[in-house]
Amino acid sequence: MSKETPCVAVCMIDPKTKLCFGCGRTLPEIARWHAMESAERLAVMALLPARMSEAGLAPIAGSPKPT
């Protein structure tokens, strides 16, 4: 997988938070991902660890770490 995707192939949306259990993105972010500019993707990726933590979602083992 590209370094510019947080996808870990665990594509399930948490009904409470509306975030993907695998990567922490919202459905609109996932849908637009390939249309986003690189800088926008990287900005979203930088937010994901805190977003998942605040939502009480544990990162999936093997998920990419922010660089």
# chains A, B, ... in the order shown; residues from 1 in each chain; ligands from 1
$ select_by_dssp --residues "chain A" --states "helix (DSSP H, G or I)" --output "VMD selection string"
chain A and resid 27 to 35 38 to 55
$ select_by_dssp --residues "stretch 2-63 of chain A" --states "strand (DSSP E or B)" --output "ChimeraX atom specification"
/A:13,19-20,26
$ write_last_selection --atoms "N, CA and C atoms" --output "compact mmCIF listing (two decimals), in the first residue's frame"
# COMPACT_ATOMS: atom_id res chain seq x y z
N ILE A 13 -17.15 0.54 9.63
CA ILE A 13 -17.44 1.82 10.25
C ILE A 13 -18.10 1.61 11.62
N LEU A 19 -16.48 6.46 12.40
CA LEU A 19 -15.10 6.34 11.95
C LEU A 19 -14.81 4.89 11.58
N CYS A 20 -13.90 4.71 10.62
CA CYS A 20 -13.46 3.37 10.26
C CYS A 20 -12.66 2.78 11.42
N THR A 26 -13.44 9.02 8.10
CA THR A 26 -14.88 9.04 7.93
C THR A 26 -15.22 8.51 6.53
$ atom_distance --atom1 "atom CA of A:Ala31" --atom2 "atom CA of A:Ala58"
22.5 Å
$ closest_residue --among "A:Gly22, A:Glu29, A:Val8, A:Asp14" --to "A:Ala43" --atoms "only C-alpha atoms"
A:Glu29
$ closest_residue --among "A:Met36, A:Leu47, A:Leu42, A:Val10" --to "A:Cys23" --atoms "only C-alpha atoms"
A:Val10
